[in-house]
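Trainee: Here it is: the structure, laid out below.
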Amino acid sequence: MYKIVKKQELNPTVTLMSIEAPMVARKALAGQFIILRVDEDGERIPLTIAGYDRTAGTVDIIYQVVGGTTIKLNHKKQGEYIQDFAGPLGKPTEIEGLKKVCVVGGGVGNAIAFPIVKALHEQGSEVTAIVGFKNKDLVILEDEFRANSDNLILVTDDGSYGEKGMVTDPLKKLLESGEKFDQVITIGPIIMMKFVTKTVEPSGIPCIVSMSPIMVDGTGMCGGCRLTVGGETKFACVDGPDFDGYKVDFDEAIGRGSMYKIFETHKREEACNLYKEV
């Protein structure tokens, strides 16, 4: 059992938890993830490591309350326990040697983008962070991004905060102005990462995408997280989650992701009804 030592609501639909997991904290690196179960009968879900404290032995996770399991998780209180917390899994983001990087995050994907920004900042890289949200109420981690970025550009779809537009708008302006980066790293909805990749492509700058398809076991055995990358089958849980954006078949990934929507809706309704009855 793993203790919830901190619980903080970041916005109406996104929550941060710090979990007491010293063995995971000892090995965790930016870009990796964990798989948890809320209770013995719960499903396994992957969540990216949003931060860690090796001294305290804690690991931060940030999740959006959208499905049955995240609803169940969100009903847990600080001081209570979850059943399983396995990790770190996946390959850490490769940042060694990068001197100037642009990190582009969208929505709750910014919870994944932040530890990468922080790791780059700590190694002395010059970091431009472009973070996008639907509106002002959904902004998360702004202060943390500012403290770890040389240049932070915040955009909202409706213009209620920061600049109005999509994350590709300021990215395109930077590239067209002649800005050069060693690499662009993007994390967020698949459709967003697809268009970030297309925006970067004319510049020839390497573009890395963080893929988060459905996962079950986290060891490559179930095949649920398979992707086509450069014409080859890859598994996000063991070969990723980071891949060369120019080689990812985004349309296939989008199609596979939509296969589970009916099941996810059913599980969300089950969880909602359960807690209504309670």
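FYI, nothing fancy with the structure tokens labels: chains A, B, ... in order, residues from 1 per chain, ligands from 1 as they appear.
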Using 9 Å as the limit and counting only C-alpha atoms, can you tabulate each residue of region 92-146 of chain A that touches region 228-247 of chain A, with its shortest atom-to-atom distance in Å and the two atoms involved, as a Markdown table?

Mentor:
```
| residue | atom | partner | partner_atom | distance |
| --- | --- | --- | --- | --- |
| A:Pro92 | CA | A:Asp242 | CA | 8.2 |
| A:Thr93 | CA | A:Asp242 | CA | 6.7 |
| A:Glu94 | CA | A:Asp242 | CA | 8.7 |
```

Trainee: Residues as selected, N, CA and C atoms, written as a PDB file, in the first residue's frame, can you do that?

Mentor:
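The file below, result.pdb, is the result:
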```pdb
ATOM      1  N   PRO A  92      13.517   7.406 -19.923  1.00  0.00           N
ATOM      2  CA  PRO A  92      13.506   8.839 -19.604  1.00  0.00           C
ATOM      3  C   PRO A  92      13.769   9.667 -20.854  1.00  0.00           C
ATOM      4  N   THR A  93      13.317  10.895 -20.843  1.00  0.00           N
ATOM      5  CA  THR A  93      13.551  11.806 -21.963  1.00  0.00           C
ATOM      6  C   THR A  93      15.052  12.093 -22.076  1.00  0.00           C
ATOM      7  N   GLU A  94      15.581  11.960 -23.290  1.00  0.00           N
ATOM      8  CA  GLU A  94      17.009  12.166 -23.513  1.00  0.00           C
ATOM      9  C   GLU A  94      17.294  13.659 -23.700  1.00  0.00           C
TER      10      GLU A  94
END
```

Trainee: Just the strand (DSSP E) stuff from region 27-230 of chain A, please, per backbone DSSP, written as an MDAnalysis selection string.

Mentor: chainID A and resid 33:37 45:53 58:64 81:82 84:89 100:106 126:133 151:156 163:164 183:187 207:210 226:229

Trainee: Could you pull out the helix (DSSP H, G or I) residues of region 34-274 of chain A from DSSP and send them as a short mmCIF file (atom, residue, chain, number, x, y, z; two decimals) with N, CA and C atoms, in the first residue's frame?

Mentor:
```cif
data_model
loop_
_atom_site.label_atom_id
_atom_site.label_comp_id
_atom_site.auth_asym_id
_atom_site.auth_seq_id
_atom_site.Cartn_x
_atom_site.Cartn_y
_atom_site.Cartn_z
N GLY A 68 -13.35 6.43 -15.08
CA GLY A 68 -13.79 5.77 -13.86
C GLY A 68 -12.71 5.66 -12.81
N THR A 69 -11.48 5.31 -13.22
CA THR A 69 -10.41 5.12 -12.25
C THR A 69 -9.93 6.45 -11.67
N THR A 70 -9.84 7.48 -12.49
CA THR A 70 -9.41 8.77 -11.95
C THR A 70 -10.49 9.38 -11.04
N ILE A 71 -11.75 9.07 -11.30
CA ILE A 71 -12.81 9.51 -10.38
C ILE A 71 -12.63 8.81 -9.04
N LYS A 72 -12.38 7.50 -9.09
CA LYS A 72 -12.16 6.72 -7.86
C LYS A 72 -10.92 7.22 -7.12
N LEU A 73 -9.85 7.48 -7.87
CA LEU A 73 -8.61 7.98 -7.26
C LEU A 73 -8.85 9.33 -6.60
N ASN A 74 -9.63 10.17 -7.25
CA ASN A 74 -9.85 11.53 -6.75
C ASN A 74 -10.70 11.56 -5.48
N GLY A 107 -2.67 21.51 -22.51
CA GLY A 107 -3.61 21.02 -21.51
C GLY A 107 -2.94 20.31 -20.36
N VAL A 108 -3.51 19.17 -19.97
CA VAL A 108 -2.94 18.41 -18.86
C VAL A 108 -1.58 17.82 -19.24
N GLY A 109 -1.27 17.81 -20.54
CA GLY A 109 0.06 17.38 -20.99
C GLY A 109 1.17 18.25 -20.43
N ASN A 110 0.81 19.43 -19.97
CA ASN A 110 1.81 20.31 -19.35
C ASN A 110 2.34 19.73 -18.04
N ALA A 111 1.57 18.83 -17.43
CA ALA A 111 2.06 18.14 -16.24
C ALA A 111 3.24 17.23 -16.58
N ILE A 112 3.27 16.75 -17.83
CA ILE A 112 4.38 15.92 -18.31
C ILE A 112 5.51 16.81 -18.80
N ALA A 113 5.13 17.93 -19.42
CA ALA A 113 6.14 18.85 -19.95
C ALA A 113 6.97 19.48 -18.86
N PHE A 114 6.34 19.78 -17.71
CA PHE A 114 7.06 20.51 -16.67
C PHE A 114 8.32 19.81 -16.15
N PRO A 115 8.27 18.52 -15.77
CA PRO A 115 9.50 17.90 -15.27
C PRO A 115 10.62 17.88 -16.31
N ILE A 116 10.27 17.87 -17.59
CA ILE A 116 11.29 17.93 -18.64
C ILE A 116 11.90 19.33 -18.69
N VAL A 117 11.05 20.35 -18.61
CA VAL A 117 11.53 21.73 -18.55
C VAL A 117 12.46 21.91 -17.35
N LYS A 118 12.05 21.39 -16.21
CA LYS A 118 12.84 21.53 -14.99
C LYS A 118 14.19 20.83 -15.13
N ALA A 119 14.19 19.62 -15.69
CA ALA A 119 15.44 18.87 -15.86
C ALA A 119 16.38 19.60 -16.82
N LEU A 120 15.84 20.17 -17.88
CA LEU A 120 16.65 20.94 -18.83
C LEU A 120 17.24 22.17 -18.14
N HIS A 121 16.42 22.86 -17.37
CA HIS A 121 16.87 24.05 -16.66
C HIS A 121 17.99 23.71 -15.67
N GLU A 122 17.83 22.61 -14.97
CA GLU A 122 18.81 22.22 -13.96
C GLU A 122 20.15 21.83 -14.57
N LYS A 136 -8.46 30.36 -19.06
CA LYS A 136 -7.71 30.76 -17.86
C LYS A 136 -7.95 29.82 -16.68
N ASP A 137 -9.19 29.33 -16.53
CA ASP A 137 -9.52 28.48 -15.39
C ASP A 137 -8.78 27.15 -15.40
N LEU A 138 -8.26 26.74 -16.56
CA LEU A 138 -7.61 25.43 -16.67
C LEU A 138 -6.08 25.51 -16.63
N GLU A 142 1.79 27.39 -13.75
CA GLU A 142 2.37 28.59 -14.37
C GLU A 142 3.61 29.08 -13.62
N ASP A 143 3.54 29.18 -12.31
CA ASP A 143 4.69 29.67 -11.54
C ASP A 143 5.89 28.75 -11.68
N GLU A 144 5.63 27.45 -11.71
CA GLU A 144 6.72 26.48 -11.85
C GLU A 144 7.38 26.60 -13.21
N PHE A 145 6.59 26.78 -14.25
CA PHE A 145 7.16 26.96 -15.59
C PHE A 145 8.00 28.24 -15.66
N ARG A 146 7.50 29.32 -15.07
CA ARG A 146 8.23 30.59 -15.11
C ARG A 146 9.58 30.47 -14.40
N ALA A 147 9.61 29.74 -13.31
CA ALA A 147 10.84 29.61 -12.53
C ALA A 147 11.89 28.75 -13.22
N ASN A 148 11.47 27.95 -14.21
CA ASN A 148 12.40 27.03 -14.86
C ASN A 148 12.56 27.27 -16.35
N THR A 168 0.79 26.24 -31.70
CA THR A 168 1.54 26.30 -32.96
C THR A 168 1.74 27.73 -33.45
N ASP A 169 0.91 28.67 -32.98
CA ASP A 169 1.02 30.06 -33.45
C ASP A 169 2.34 30.71 -33.00
N PRO A 170 2.64 30.76 -31.71
CA PRO A 170 3.93 31.35 -31.30
C PRO A 170 5.12 30.50 -31.75
N LEU A 171 4.93 29.19 -31.84
CA LEU A 171 6.02 28.32 -32.32
C LEU A 171 6.39 28.68 -33.76
N LYS A 172 5.38 28.86 -34.58
CA LYS A 172 5.63 29.21 -35.98
C LYS A 172 6.32 30.56 -36.09
N LYS A 173 5.89 31.53 -35.26
CA LYS A 173 6.52 32.86 -35.28
C LYS A 173 7.99 32.78 -34.90
N LEU A 174 8.30 32.00 -33.88
CA LEU A 174 9.69 31.85 -33.44
C LEU A 174 10.55 31.25 -34.54
N LEU A 175 10.05 30.20 -35.17
CA LEU A 175 10.83 29.52 -36.20
C LEU A 175 10.99 30.40 -37.45
N GLU A 176 9.92 31.11 -37.80
CA GLU A 176 9.99 31.98 -38.99
C GLU A 176 10.88 33.19 -38.76
N ILE A 190 -2.87 14.09 -28.99
CA ILE A 190 -2.20 13.57 -30.19
C ILE A 190 -2.36 14.54 -31.36
N ILE A 191 -3.55 15.09 -31.54
CA ILE A 191 -3.78 15.99 -32.67
C ILE A 191 -2.89 17.23 -32.55
N MET A 192 -2.68 17.71 -31.32
CA MET A 192 -1.80 18.86 -31.11
C MET A 192 -0.37 18.51 -31.49
N MET A 193 0.10 17.35 -31.02
CA MET A 193 1.48 16.94 -31.33
C MET A 193 1.68 16.74 -32.83
N LYS A 194 0.65 16.27 -33.50
CA LYS A 194 0.73 16.10 -34.95
C LYS A 194 1.00 17.44 -35.63
N PHE A 195 0.26 18.47 -35.23
CA PHE A 195 0.41 19.77 -35.88
C PHE A 195 1.65 20.53 -35.41
N VAL A 196 2.10 20.28 -34.18
CA VAL A 196 3.38 20.84 -33.75
C VAL A 196 4.49 20.27 -34.62
N THR A 197 4.44 18.96 -34.85
CA THR A 197 5.45 18.31 -35.69
C THR A 197 5.44 18.89 -37.10
N LYS A 198 4.25 19.10 -37.67
CA LYS A 198 4.14 19.67 -39.00
C LYS A 198 4.68 21.10 -39.04
N THR A 199 4.48 21.84 -37.94
CA THR A 199 4.97 23.21 -37.87
C THR A 199 6.49 23.25 -37.82
N VAL A 200 7.09 22.31 -37.11
CA VAL A 200 8.55 22.27 -36.95
C VAL A 200 9.25 21.71 -38.20
N GLU A 201 8.59 20.81 -38.90
CA GLU A 201 9.22 20.05 -39.99
C GLU A 201 9.98 20.88 -41.02
N PRO A 202 9.42 22.01 -41.51
CA PRO A 202 10.16 22.78 -42.51
C PRO A 202 11.52 23.29 -42.02
N SER A 203 11.68 23.43 -40.70
CA SER A 203 12.94 23.94 -40.15
C SER A 203 14.02 22.87 -40.10
N ALA A 236 4.81 1.88 -26.80
CA ALA A 236 5.09 3.12 -26.07
C ALA A 236 5.64 2.86 -24.67
N CYS A 237 5.21 1.76 -24.05
CA CYS A 237 5.59 1.52 -22.66
C CYS A 237 7.06 1.13 -22.49
N VAL A 238 7.65 0.47 -23.50
CA VAL A 238 9.04 0.05 -23.37
C VAL A 238 9.97 0.71 -24.37
N ASP A 239 9.45 1.05 -25.55
CA ASP A 239 10.27 1.73 -26.57
C ASP A 239 10.20 3.24 -26.41
N PHE A 250 0.54 9.35 -36.87
CA PHE A 250 -0.42 9.99 -35.97
C PHE A 250 -1.86 9.58 -36.27
N ASP A 251 -2.21 9.46 -37.54
CA ASP A 251 -3.59 9.12 -37.90
C ASP A 251 -3.97 7.74 -37.37
N GLU A 252 -3.05 6.79 -37.45
CA GLU A 252 -3.31 5.47 -36.89
C GLU A 252 -3.48 5.55 -35.38
N ALA A 253 -2.61 6.32 -34.72
CA ALA A 253 -2.68 6.46 -33.26
C ALA A 253 -3.99 7.10 -32.83
N ILE A 254 -4.44 8.10 -33.57
CA ILE A 254 -5.72 8.75 -33.26
C ILE A 254 -6.87 7.76 -33.40
N GLY A 255 -6.83 6.96 -34.48
CA GLY A 255 -7.88 5.96 -34.71
C GLY A 255 -7.92 4.90 -33.64
N ARG A 256 -6.75 4.42 -33.22
CA ARG A 256 -6.69 3.40 -32.17
C ARG A 256 -7.20 3.96 -30.84
N GLY A 257 -6.87 5.20 -30.55
CA GLY A 257 -7.31 5.81 -29.30
C GLY A 257 -8.82 5.94 -29.21
N SER A 258 -9.46 6.17 -30.35
CA SER A 258 -10.92 6.35 -30.34
C SER A 258 -11.68 5.04 -30.15
N LYS A 261 -13.43 4.66 -26.59
CA LYS A 261 -14.26 5.73 -26.03
C LYS A 261 -15.55 5.22 -25.40
N ILE A 262 -16.20 4.25 -26.04
CA ILE A 262 -17.47 3.73 -25.49
C ILE A 262 -17.22 3.05 -24.15
N PHE A 263 -16.15 2.24 -24.08
CA PHE A 263 -15.80 1.55 -22.83
C PHE A 263 -15.48 2.57 -21.74
N GLU A 264 -14.71 3.60 -22.08
CA GLU A 264 -14.33 4.62 -21.10
C GLU A 264 -15.55 5.37 -20.58
N THR A 265 -16.48 5.67 -21.48
CA THR A 265 -17.71 6.36 -21.08
C THR A 265 -18.51 5.50 -20.11
N HIS A 266 -18.59 4.19 -20.40
CA HIS A 266 -19.33 3.26 -19.54
C HIS A 266 -18.71 3.21 -18.15
N LYS A 267 -17.37 3.11 -18.06
CA LYS A 267 -16.69 3.03 -16.77
C LYS A 267 -16.83 4.33 -15.99
N ARG A 268 -16.81 5.47 -16.69
CA ARG A 268 -16.98 6.76 -16.03
C ARG A 268 -18.39 6.87 -15.42
N GLU A 269 -19.39 6.41 -16.17
CA GLU A 269 -20.76 6.46 -15.67
C GLU A 269 -20.93 5.54 -14.47
N GLU A 270 -20.28 4.38 -14.51
CA GLU A 270 -20.33 3.44 -13.38
C GLU A 270 -19.78 4.09 -12.11
N ALA A 271 -18.61 4.73 -12.26
CA ALA A 271 -17.96 5.38 -11.11
C ALA A 271 -18.81 6.52 -10.58
N CYS A 272 -19.34 7.32 -11.49
CA CYS A 272 -20.18 8.46 -11.07
C CYS A 272 -21.40 7.97 -10.29
N ASN A 273 -22.04 6.91 -10.79
CA ASN A 273 -23.23 6.38 -10.12
C ASN A 273 -22.87 5.79 -8.76
N LEU A 274 -21.70 5.15 -8.68
CA LEU A 274 -21.27 4.55 -7.42
C LEU A 274 -21.12 5.62 -6.34
#
```

Trainee: Interatomic distance between CA of Glu163 (chain A) and CA of Ile130 (chain A)?

Mentor: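 Atom-to-atom, CA of Glu163 (chain A) and CA of Ile130 (chain A) are spaced 10.6 Å apart.
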
Trainee: Have a look at A:Gly51, A:Gly67, A:Gly220, A:Pro46 and name the one nearest to Thr13 (chain A); count only C-alpha atoms.

Mentor: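 Of the candidates, the smallest distance to Thr13 (chain A) is held by A:Gly67.
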
Trainee: Name all residues at most 7 Å from region 56-65 of chain A (count only C-alpha atoms; drop same-chain ones fewer than 2 positions away) and give them as an MDAnalysis selection string.

Mentor: chainID A and resid 13:22 25 47:54 67 70:71 108 111

Trainee: Save out the residues we just selected, C-alpha atoms, as a PDB file, in the first residue's frame.

Mentor:
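File written: part14.pdb
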```pdb
ATOM      1  CA  THR A  13     -10.567  18.869 -13.266  1.00  0.00           C
ATOM      2  CA  VAL A  14      -6.864  18.330 -12.523  1.00  0.00           C
ATOM      3  CA  THR A  15      -5.346  17.102  -9.245  1.00  0.00           C
ATOM      4  CA  LEU A  16      -1.791  16.656  -7.965  1.00  0.00           C
ATOM      5  CA  MET A  17      -0.921  13.877  -5.528  1.00  0.00           C
ATOM      6  CA  SER A  18       2.377  13.109  -3.812  1.00  0.00           C
ATOM      7  CA  ILE A  19       2.718   9.399  -3.132  1.00  0.00           C
ATOM      8  CA  GLU A  20       5.090   7.872  -0.606  1.00  0.00           C
ATOM      9  CA  ALA A  21       7.085   5.485  -2.817  1.00  0.00           C
ATOM     10  CA  PRO A  22      10.805   5.641  -1.907  1.00  0.00           C
ATOM     11  CA  ALA A  25      11.577   8.046  -6.184  1.00  0.00           C
ATOM     12  CA  LEU A  47       0.418   8.233 -15.175  1.00  0.00           C
ATOM     13  CA  THR A  48       3.528  10.211 -15.999  1.00  0.00           C
ATOM     14  CA  ILE A  49       5.851  11.114 -13.137  1.00  0.00           C
ATOM     15  CA  ALA A  50       5.326  14.845 -12.598  1.00  0.00           C
ATOM     16  CA  GLY A  51       8.068  15.213  -9.997  1.00  0.00           C
ATOM     17  CA  TYR A  52       9.950  13.381  -7.283  1.00  0.00           C
ATOM     18  CA  ASP A  53      11.817  13.996  -4.053  1.00  0.00           C
ATOM     19  CA  ARG A  54      14.511  11.402  -3.472  1.00  0.00           C
ATOM     20  CA  GLY A  67     -12.511   8.282 -16.367  1.00  0.00           C
ATOM     21  CA  THR A  70      -9.412   8.774 -11.946  1.00  0.00           C
ATOM     22  CA  ILE A  71     -12.812   9.508 -10.383  1.00  0.00           C
ATOM     23  CA  VAL A 108      -2.942  18.410 -18.856  1.00  0.00           C
ATOM     24  CA  ALA A 111       2.063  18.138 -16.235  1.00  0.00           C
TER      25      ALA A 111
END
```

Trainee: Restricting the calculation to only C-alpha atoms: of A:Val24, A:Gln78, A:Glu43, A:Gln83, which residue gets closest to Thr55 (chain A)?

Mentor: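 Checking each of A:Val24, A:Gln78, A:Glu43, A:Gln83 against Thr55 (chain A), counting only C-alpha atoms, the winner is A:Val24.
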
Trainee: Between CA of Cys102 (chain A) and CA of Gly124 (chain A), what is the distance in Å, rounded to a tenth?

Mentor: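 CA of Cys102 (chain A) sits 13.8 Å away from CA of Gly124 (chain A).
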
Trainee: Show me, as a ChimeraX atom specification, the residues that have an atom within 10 Å of Lys77 (chain A) when counting only C-alpha atoms, minus same-chain residues fewer than 2 positions from it.

Mentor: /A:3-7,17,73-75,79-81

Trainee: Considering only C-alpha atoms, can you say which of A:Tyr2, A:Phe33, A:Tyr161, A:Phe181 comes closest to Pro88 (chain A)?

Mentor: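 Among the listed residues, the smallest separation from Pro88 (chain A) belongs to A:Phe33.
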
Trainee: In Å, rounded to a single decimal, give me how far CA of Val38 (chain A) is from CA of Arg26 (chain A).

Mentor: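 One can read the CA of Arg26 (chain A) to CA of Val38 (chain A) distance as 22.0 Å.
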